[in-house]
>>> print(open('structure.pdb').read())   # PDB, C-alpha atoms and all ligand atoms
ATOM      1  CA  MET E1099      23.516  85.966  68.075
ATOM      2  CA  ASP E1100      21.273  87.460  70.740
ATOM      3  CA  ILE E1101      21.938  86.284  74.298
ATOM      4  CA  LEU E1102      18.230  86.677  75.105
ATOM      5  CA  LYS E1103      17.363  84.160  72.393
ATOM      6  CA  GLU E1104      19.665  81.459  73.794
ATOM      7  CA  GLU E1105      17.709  78.451  75.009
ATOM      8  CA  PHE E1106      18.940  78.642  78.634
ATOM      9  CA  MET E1107      17.917  82.310  78.818
ATOM     10  CA  GLN E1108      14.505  81.692  77.242
ATOM     11  CA  SER E1109      13.892  78.858  79.704
ATOM     12  CA  PHE E1110      15.009  81.027  82.641
ATOM     13  CA  ILE E1111      12.656  83.845  81.613
ATOM     14  CA  ARG E1112       9.756  81.445  81.059
ATOM     15  CA  MET E1113      10.208  79.874  84.490
ATOM     16  CA  ALA E1114      10.353  83.277  86.208
ATOM     17  CA  ASN E1115       7.145  84.305  84.461
ATOM     18  CA  ASP E1116       5.460  80.989  85.303
ATOM     19  CA  GLY E1117       6.290  81.591  88.976
ATOM     20  CA  TRP E1118       4.840  85.095  88.764
ATOM     21  CA  GLU E1119       1.636  83.711  87.222
ATOM     22  CA  GLN E1120       1.331  81.172  90.040
ATOM     23  CA  GLY E1121       1.230  84.058  92.546
ATOM     24  CA  TRP E1122       4.481  83.034  94.268
ATOM     25  CA  HIS E1123       6.356  86.312  93.686
ATOM     26  CA  GLU E1124       4.615  89.298  95.236
ATOM     27  CA  ARG E1125       6.621  92.517  94.836
ATOM     28  CA  ASN E1126      10.321  91.508  94.741
ATOM     29  CA  GLY E1127       9.688  88.147  96.430
ATOM     30  CA  GLY E1128      11.684  85.100  95.397
ATOM     31  CA  ASN E1129      14.800  84.528  93.308
ATOM     32  CA  LEU E1130      16.159  82.131  90.695
ATOM     33  CA  THR E1131      19.676  81.113  89.670
ATOM     34  CA  TYR E1132      21.022  78.822  86.955
ATOM     35  CA  ARG E1133      24.582  77.441  86.781
ATOM     36  CA  MET E1134      25.502  77.760  83.114
ATOM     37  CA  LYS E1135      27.053  74.913  81.145
ATOM     38  CA  GLU E1136      30.646  75.515  80.032
ATOM     39  CA  GLN E1137      29.628  75.575  76.377
ATOM     40  CA  GLU E1138      26.857  78.109  77.123
ATOM     41  CA  ALA E1139      29.288  80.435  78.890
ATOM     42  CA  ALA E1140      31.818  79.994  76.080
ATOM     43  CA  ALA E1141      29.225  80.808  73.424
ATOM     44  CA  CYS E1142      28.245  84.050  75.208
ATOM     45  CA  GLN E1143      31.751  85.454  75.898
ATOM     46  CA  ALA E1144      31.368  88.160  73.232
ATOM     47  CA  PHE E1145      28.460  89.649  75.217
ATOM     48  CA  PHE E1146      30.295  89.723  78.554
ATOM     49  CA  SER E1147      32.142  92.673  80.097
ATOM     50  CA  PHE E1148      34.884  91.863  82.607
ATOM     51  CA  THR E1149      35.412  95.411  83.915
ATOM     52  CA  GLY E1150      32.963  95.341  86.857
ATOM     53  CA  PRO E1151      34.105  95.174  90.483
ATOM     54  CA  TRP E1152      34.600  91.902  92.372
ATOM     55  CA  VAL E1153      32.143  91.653  95.252
ATOM     56  CA  GLU E1154      32.636  89.365  98.249
ATOM     57  CA  LEU E1155      29.960  86.706  98.699
ATOM     58  CA  GLY E1156      30.320  86.160 102.453
ATOM     59  CA  VAL E1157      30.435  82.399 101.796
ATOM     60  CA  CYS E1158      32.959  80.240  99.954
ATOM     61  CA  ALA E1159      32.235  77.638  97.251
ATOM     62  CA  PRO E1160      35.619  76.396  95.962
ATOM     63  CA  ASN E1161      34.029  73.666  93.814
ATOM     64  CA  LEU E1162      32.210  76.385  91.815
ATOM     65  CA  GLY E1163      35.307  78.498  91.122
ATOM     66  CA  GLY E1164      35.058  80.159  87.685
ATOM     67  CA  ALA E1165      31.416  79.125  87.142
ATOM     68  CA  TYR E1166      28.882  81.463  85.491
ATOM     69  CA  PHE E1167      25.372  81.960  86.899
ATOM     70  CA  VAL E1168      22.241  83.585  85.557
ATOM     71  CA  ALA E1169      20.526  85.288  88.508
ATOM     72  CA  THR E1170      17.513  87.476  89.228
ATOM     73  CA  GLY E1171      18.473  90.893  90.597
ATOM     74  CA  SER E1172      18.126  92.076  94.182
ATOM     75  CA  GLY E1173      14.945  94.130  94.552
ATOM     76  CA  LYS E1174      13.805  93.201  91.027
ATOM     77  CA  TYR E1175      10.301  91.916  90.370
ATOM     78  CA  PHE E1176       9.562  88.520  88.761
ATOM     79  CA  ARG E1177       6.610  90.301  87.176
ATOM     80  CA  ASN E1178       9.049  92.350  85.073
ATOM     81  CA  VAL E1179      11.459  89.605  83.967
ATOM     82  CA  LYS E1180       9.660  88.826  80.701
ATOM     83  CA  ARG E1181       9.151  92.506  79.763
ATOM     84  CA  ALA E1182      12.624  93.725  80.771
ATOM     85  CA  PRO E1183      15.073  90.820  81.185
ATOM     86  CA  GLU E1184      18.231  92.961  80.770
ATOM     87  CA  GLU E1185      17.105  95.151  83.682
ATOM     88  CA  SER E1186      15.860  92.322  85.894
ATOM     89  CA  LEU E1187      18.549  89.642  85.428
ATOM     90  CA  CYS E1188      22.312  89.347  85.384
ATOM     91  CA  ILE E1189      25.024  86.856  84.579
ATOM     92  CA  ALA E1190      27.744  86.735  87.237
ATOM     93  CA  ARG E1191      30.914  84.671  87.392
ATOM     94  CA  LEU E1192      32.678  83.447  90.513
ATOM     95  CA  ASN E1193      36.403  83.901  91.078
ATOM     96  CA  GLU E1194      38.602  80.788  91.261
ATOM     97  CA  LYS E1195      38.422  80.708  95.083
ATOM     98  CA  GLY E1196      34.620  80.798  94.926
ATOM     99  CA  ASP E1197      34.257  83.603  97.480
ATOM    100  CA  ALA E1198      33.531  86.628  95.233
ATOM    101  CA  TYR E1199      31.525  87.401  92.084
ATOM    102  CA  GLN E1200      31.661  89.826  89.164
ATOM    103  CA  ILE E1201      28.625  90.831  87.075
ATOM    104  CA  VAL E1202      29.486  90.288  83.388
ATOM    105  CA  TRP E1203      26.081  90.922  81.761
ATOM    106  CA  GLY E1204      22.679  92.467  82.528
ATOM    107  CA  LEU E1205      21.196  94.660  85.262
ATOM    108  CA  VAL E1206      21.641  97.482  82.759
ATOM    109  CA  ALA E1207      19.918 100.019  85.022
ATOM    110  CA  GLY E1208      22.170  99.003  87.934
ATOM    111  CA  GLY E1209      21.832  96.560  90.787
ATOM    112  CA  ARG E1210      23.233  93.407  92.343
ATOM    113  CA  PRO E1211      22.327  89.710  92.147
ATOM    114  CA  THR E1212      19.552  88.544  94.461
ATOM    115  CA  SER E1213      19.914  89.222  98.194
ATOM    116  CA  GLU E1214      19.802  85.434  98.593
ATOM    117  CA  PHE E1215      22.861  84.917  96.354
ATOM    118  CA  PRO E1216      24.858  83.425  99.283
ATOM    119  CA  SER E1217      22.103  80.810  99.829
ATOM    120  CA  HIS E1218      21.895  80.081  96.118
ATOM    121  CA  ILE E1219      25.670  79.660  95.766
ATOM    122  CA  MET E1220      25.958  77.420  98.845
ATOM    123  CA  ASN E1221      23.026  75.303  97.596
ATOM    124  CA  HIS E1222      24.648  75.041  94.155
ATOM    125  CA  ALA E1223      27.927  74.046  95.842
ATOM    126  CA  VAL E1224      26.291  71.242  97.816
ATOM    127  CA  LYS E1225      24.073  69.972  94.994
ATOM    128  CA  THR E1226      26.917  70.067  92.428
ATOM    129  CA  ALA E1227      28.949  67.906  94.828
ATOM    130  CA  VAL E1228      26.014  65.454  95.067
ATOM    131  CA  SER E1229      25.729  65.389  91.258
ATOM    132  CA  PRO E1230      27.100  67.687  88.539
ATOM    133  CA  ASP E1231      23.674  67.452  86.870
ATOM    134  CA  TYR E1232      22.138  69.944  89.357
ATOM    135  CA  ARG E1233      21.951  73.431  87.808
ATOM    136  CA  VAL E1234      18.850  75.273  89.057
ATOM    137  CA  ILE E1235      18.115  76.756  92.504
ATOM    138  CA  TYR E1236      14.691  78.368  92.944
ATOM    139  CA  HIS E1237      13.309  80.339  95.880
ATOM    140  CA  ALA E1238       9.598  81.249  95.956
ATOM    141  CA  HIS E1239       6.933  82.402  98.429
ATOM    142  CA  PRO E1240       4.018  79.968  97.836
ATOM    143  CA  ALA E1241       1.212  80.775 100.287
ATOM    144  CA  ASN E1242       0.003  77.320 101.330
ATOM    145  CA  THR E1243       3.443  75.945 102.170
ATOM    146  CA  ILE E1244       4.181  79.086 104.191
ATOM    147  CA  ALA E1245       0.793  78.758 105.935
ATOM    148  CA  LEU E1246       1.661  75.203 107.051
ATOM    149  CA  THR E1247       4.758  76.556 108.830
ATOM    150  CA  PHE E1248       2.397  78.325 111.241
ATOM    151  CA  VAL E1249       0.522  75.082 111.990
ATOM    152  CA  LEU E1250       2.820  72.057 111.831
ATOM    153  CA  PRO E1251       5.820  71.333 114.068
ATOM    154  CA  LEU E1252       8.898  72.695 112.252
ATOM    155  CA  THR E1253      10.605  69.357 111.687
ATOM    156  CA  ASP E1254      11.714  67.600 108.497
ATOM    157  CA  ARG E1255       9.667  64.541 109.505
ATOM    158  CA  ASP E1256       6.390  66.407 110.160
ATOM    159  CA  PHE E1257       6.552  68.317 106.864
ATOM    160  CA  THR E1258       7.662  65.323 104.831
ATOM    161  CA  LEU E1259       4.795  63.153 106.130
ATOM    162  CA  ALA E1260       2.202  65.938 105.803
ATOM    163  CA  LEU E1261       3.144  66.526 102.160
ATOM    164  CA  TRP E1262       3.647  62.858 101.232
ATOM    165  CA  GLU E1263       0.197  61.989 102.661
ATOM    166  CA  SER E1264      -1.520  64.794 100.733
ATOM    167  CA  ALA E1265      -0.939  63.520  97.199
ATOM    168  CA  THR E1266       0.078  60.078  95.932
ATOM    169  CA  GLU E1267       2.623  61.614  93.580
ATOM    170  CA  CYS E1268       4.633  63.314  96.328
ATOM    171  CA  PRO E1269       6.814  60.406  97.539
ATOM    172  CA  VAL E1270       7.660  59.771  93.877
ATOM    173  CA  VAL E1271       8.505  63.425  93.100
ATOM    174  CA  PHE E1272      10.538  64.039  96.287
ATOM    175  CA  PRO E1273      11.447  60.570  97.654
ATOM    176  CA  ALA E1274      14.058  61.995 100.042
ATOM    177  CA  GLY E1275      11.420  64.230 101.694
ATOM    178  CA  VAL E1276      11.802  67.894 102.604
ATOM    179  CA  GLY E1277      13.922  69.793 105.115
ATOM    180  CA  VAL E1278      12.791  72.655 107.327
ATOM    181  CA  VAL E1279      14.803  75.697 108.417
ATOM    182  CA  GLU E1280      13.352  77.365 111.502
ATOM    183  CA  TRP E1281      12.822  81.119 111.247
ATOM    184  CA  MET E1282      16.110  82.921 110.559
ATOM    185  CA  VAL E1283      17.077  86.331 109.184
ATOM    186  CA  PRO E1284      17.111  85.969 105.372
ATOM    187  CA  GLY E1285      19.800  87.251 103.028
ATOM    188  CA  GLY E1286      22.977  86.187 104.813
ATOM    189  CA  ALA E1287      25.605  83.531 105.347
ATOM    190  CA  GLU E1288      23.954  81.901 108.389
ATOM    191  CA  ILE E1289      20.707  80.949 106.636
ATOM    192  CA  ALA E1290      22.771  79.981 103.555
ATOM    193  CA  LEU E1291      24.761  77.450 105.577
ATOM    194  CA  ALA E1292      21.655  76.065 107.346
ATOM    195  CA  THR E1293      19.863  75.627 104.005
ATOM    196  CA  SER E1294      22.810  74.060 102.195
ATOM    197  CA  GLU E1295      23.226  71.593 105.087
ATOM    198  CA  LEU E1296      19.661  70.359 104.351
ATOM    199  CA  MET E1297      20.403  70.287 100.609
ATOM    200  CA  LYS E1298      22.934  67.508 101.289
ATOM    201  CA  THR E1299      19.880  65.282 101.913
ATOM    202  CA  TYR E1300      16.910  66.943 100.219
ATOM    203  CA  ASP E1301      16.001  68.839  97.028
ATOM    204  CA  VAL E1302      13.476  70.948  98.999
ATOM    205  CA  ALA E1303      14.172  73.249 101.967
ATOM    206  CA  ILE E1304      11.243  75.080 103.572
ATOM    207  CA  TRP E1305      12.035  78.371 105.302
ATOM    208  CA  ALA E1306       9.579  78.757 108.198
ATOM    209  CA  HIS E1307       7.191  81.715 107.791
ATOM    210  CA  HIS E1308       9.000  82.748 104.598
ATOM    211  CA  GLY E1309       9.134  80.399 101.594
ATOM    212  CA  VAL E1310      10.714  77.421  99.865
ATOM    213  CA  PHE E1311      14.027  76.571  98.131
ATOM    214  CA  CYS E1312      14.057  73.875  95.447
ATOM    215  CA  ALA E1313      17.009  72.373  93.572
ATOM    216  CA  GLY E1314      17.038  70.445  90.319
ATOM    217  CA  PRO E1315      18.875  69.587  87.124
ATOM    218  CA  ASP E1316      16.747  71.731  84.796
ATOM    219  CA  PHE E1317      14.058  74.415  84.742
ATOM    220  CA  ASP E1318      11.088  72.098  84.156
ATOM    221  CA  SER E1319      11.865  69.671  86.968
ATOM    222  CA  THR E1320      12.753  72.398  89.476
ATOM    223  CA  PHE E1321       9.604  74.392  88.728
ATOM    224  CA  GLY E1322       7.607  71.148  88.795
ATOM    225  CA  LEU E1323       9.050  70.297  92.206
ATOM    226  CA  MET E1324       7.997  73.664  93.662
ATOM    227  CA  HIS E1325       4.567  73.223  92.051
ATOM    228  CA  THR E1326       4.134  69.712  93.479
ATOM    229  CA  VAL E1327       5.141  70.775  97.017
ATOM    230  CA  GLU E1328       2.803  73.776  96.959
ATOM    231  CA  LYS E1329      -0.126  71.802  95.555
ATOM    232  CA  ALA E1330       0.277  69.149  98.262
ATOM    233  CA  ALA E1331       0.404  71.942 100.856
ATOM    234  CA  GLU E1332      -2.786  73.423  99.390
ATOM    235  CA  ILE E1333      -4.563  70.083  99.733
ATOM    236  CA  ARG E1334      -3.279  69.743 103.301
ATOM    237  CA  VAL E1335      -4.499  73.238 104.160
TER
HETATM  238  O1  LIG E1401      14.115  88.496  96.984
HETATM  239  O2  LIG E1401      12.552  86.531  98.578
HETATM  240  O3  LIG E1401      14.189  86.063 100.582
HETATM  241  C1  LIG E1401      13.353  88.675  98.103
HETATM  242  C2  LIG E1401      13.311  87.418  98.864
HETATM  243  C3  LIG E1401      14.237  87.306  99.999
HETATM  244 ZN    ZN E1402      12.198  85.126 100.124
END
>>> encode(input="structure.pdb", output="structure tokens", more="lines below")
Ligand code: 2HA
Ligand code: ZN
Amino acid sequence: MDILKEEFMQSFIRMANDGWEQGWHERNGGNLTYRMKEQEAAACQAFFSFTGPWVELGVCAPNLGGAYFVATGSGKYFRNVKRAPEESLCIARLNEKGDAYQIVWGLVAGGRPTSEFPSHIMNHAVKTAVSPDYRVIYHAHPANTIALTFVLPLTDRDFTLALWESATECPVVFPAGVGVVEWMVPGGAEIALATSELMKTYDVAIWAHHGVFCAGPDFDSTFGLMHTVEKAAEIRV
């Protein structure tokens, strides 16, 4: 068995590369996490090392205690995920309290999970509580959606209407609308809490002047959601 050949890992790598090809991941921009199924984590145990340090998250997600996540690495480039997945990605597990993580696979040249790991974990916590089907959290920097945050009022209502009106499909693809987080310092607990608050209502949270977070049950639908939002924004622009 080769962990890189597992279906969840192949799908993760394909989605990261698709995002790169869309132009949403300049330099080390963006990040992706996947909450593994219990049977996937069980099947991969032989590849995991449990000797790494426990690192505090800065947020707490008790309902995700013991869960395993595939994550892009902090400072790593989406452009390199397909060529060097073991250097660009990791699998990390949460402790039972849900306030610290341990890397059990990957990042073979060193590193940490994405700088937005607190936001990803809090979004997973909220979405898993909404429905256990949610597994994917995706953050990207799509240019047209970011451009709109310099033009439109930064409200959920203004962005939802602007996107819904731009393509007939939009109200069908994201019927709850989209949330907007005003500009905040990225990478910490504060923006994680603000984003996860919106994720109680929406599957899309737009970070003003920065990017977009999408949540979904699988790789195809989460990538498709980001794609639909950005295409509507392009039409609007
Ligand atoms: O990973 O996108 O928000 C770099 C970022 C931070
Ligand atoms: Zn970002």
>>> residues_around(input="structure.pdb", residues="E:Glu1119", least_positions_apart="3", cutoff="12 Å", atoms="only C-alpha atoms", output="ChimeraX atom specification")
/E:1112-1116,1122-1124,1176-1180,1240,1325
>>> residues_around(input="structure.pdb", residues="E:Glu1328", least_positions_apart="2", cutoff="8 Å", atoms="only C-alpha atoms", output="ChimeraX atom specification")
/E:1240-1243,1324-1326,1330-1332
>>> write_last_selection(input="structure.pdb", atoms="C-alpha atoms", output="tab-separated table (two decimals), in the coordinates of the input")
chain	number	residue	atom	x	y	z
E	1240	PRO	CA	4.02	79.97	97.84
E	1241	ALA	CA	1.21	80.78	100.29
E	1242	ASN	CA	0.00	77.32	101.33
E	1243	THR	CA	3.44	75.94	102.17
E	1324	MET	CA	8.00	73.66	93.66
E	1325	HIS	CA	4.57	73.22	92.05
E	1326	THR	CA	4.13	69.71	93.48
E	1330	ALA	CA	0.28	69.15	98.26
E	1331	ALA	CA	0.40	71.94	100.86
E	1332	GLU	CA	-2.79	73.42	99.39
>>> residues_near_ligand(input="structure.pdb", ligand="ligand LIG 1401 (chain E)", cutoff="10 Å", atoms="only C-alpha atoms and all ligand atoms", output="PyMOL selection string")
chain E and resi 1122-1130+1170-1176+1211-1215+1217+1237-1239+1283-1286+1305+1308-1311
>>> closest_residue(input="structure.pdb", among="E:Ala1306, E:Leu1187, E:Asp1316, E:Asp1256", to="ligand ZN 1402 (chain E)", atoms="all atoms listed in the file")
E:Ala1306
>>> residues_around(input="structure.pdb", residues="E:Thr1149", least_positions_apart="4", cutoff="10 Å", atoms="only C-alpha atoms", output="PyMOL selection string")
chain E and resi 1200-1202
>>> closest_residue(input="structure.pdb", among="E:Met1220, E:Val1335, E:Met1282, E:Leu1102", to="ligand ZN 1402 (chain E)", atoms="all atoms listed in the file")
E:Met1282
>>> residues_around(input="structure.pdb", residues="E:Leu1323", least_positions_apart="5", cutoff="10 Å", atoms="all atoms listed in the file", output="PDB file with C-alpha atoms, in the coordinates of the input")
ATOM      1  CA  TYR E1236      14.691  78.368  92.944  1.00  0.00           C
ATOM      2  CA  CYS E1268       4.633  63.314  96.328  1.00  0.00           C
ATOM      3  CA  VAL E1271       8.505  63.425  93.100  1.00  0.00           C
ATOM      4  CA  PHE E1272      10.538  64.039  96.287  1.00  0.00           C
ATOM      5  CA  ASP E1301      16.001  68.839  97.028  1.00  0.00           C
ATOM      6  CA  VAL E1302      13.476  70.948  98.999  1.00  0.00           C
ATOM      7  CA  PHE E1311      14.027  76.571  98.131  1.00  0.00           C
ATOM      8  CA  CYS E1312      14.057  73.875  95.447  1.00  0.00           C
ATOM      9  CA  ALA E1313      17.009  72.373  93.572  1.00  0.00           C
ATOM     10  CA  GLY E1314      17.038  70.445  90.319  1.00  0.00           C
ATOM     11  CA  PHE E1317      14.058  74.415  84.742  1.00  0.00           C
ATOM     12  CA  ASP E1318      11.088  72.098  84.156  1.00  0.00           C
ATOM     13  CA  GLU E1328       2.803  73.776  96.959  1.00  0.00           C
ATOM     14  CA  LYS E1329      -0.126  71.802  95.555  1.00  0.00           C
TER      15      LYS E1329
END
>>> residues_around(input="structure.pdb", residues="stretch 1162-1165 of chain E", least_positions_apart="2", cutoff="6 Å", atoms="only C-alpha atoms", output="compact mmCIF listing (two decimals) with C-alpha atoms, in the coordinates of the input")
# COMPACT_ATOMS: atom_id res chain seq x y z
CA ALA E 1159 32.24 77.64 97.25
CA PRO E 1160 35.62 76.40 95.96
CA ARG E 1191 30.91 84.67 87.39
CA LEU E 1192 32.68 83.45 90.51
CA ASN E 1193 36.40 83.90 91.08
CA GLU E 1194 38.60 80.79 91.26
CA LYS E 1195 38.42 80.71 95.08
CA GLY E 1196 34.62 80.80 94.93
>>> atom_distance(input="structure.pdb", atom1="atom CA of E:Ala1303", atom2="atom CA of E:Val1278")
5.6 Å
>>> residues_near_point(input="structure.pdb", point="(-0.7, 65.0, 100.5)", cutoff="8 Å", atoms="all atoms listed in the file", output="list in words")
Ala1260, Leu1261, Trp1262, Glu1263, Ser1264, Ala1265, Thr1266, Cys1268, Ala1330, Ala1331, Ile1333 and Arg1334 of chain E
>>> closest_residue(input="structure.pdb", among="E:Val1168, E:Ala1290, E:Leu1246, E:Val1228", to="E:Ser1109", atoms="all atoms listed in the file")
E:Val1168
>>> atom_distance(input="structure.pdb", atom1="atom CA of E:Ala1292", atom2="atom CA of E:Val1279")
6.9 Å
>>> atom_distance(input="structure.pdb", atom1="atom CA of E:Val1206", atom2="atom CA of E:Glu1185")
5.2 Å
>>> closest_residue(input="structure.pdb", among="E:Val1276, E:Ile1244, E:Leu1291, E:Val1327", to="ligand ZN 1402 (chain E)", atoms="only C-alpha atoms and all ligand atoms")
E:Ile1244
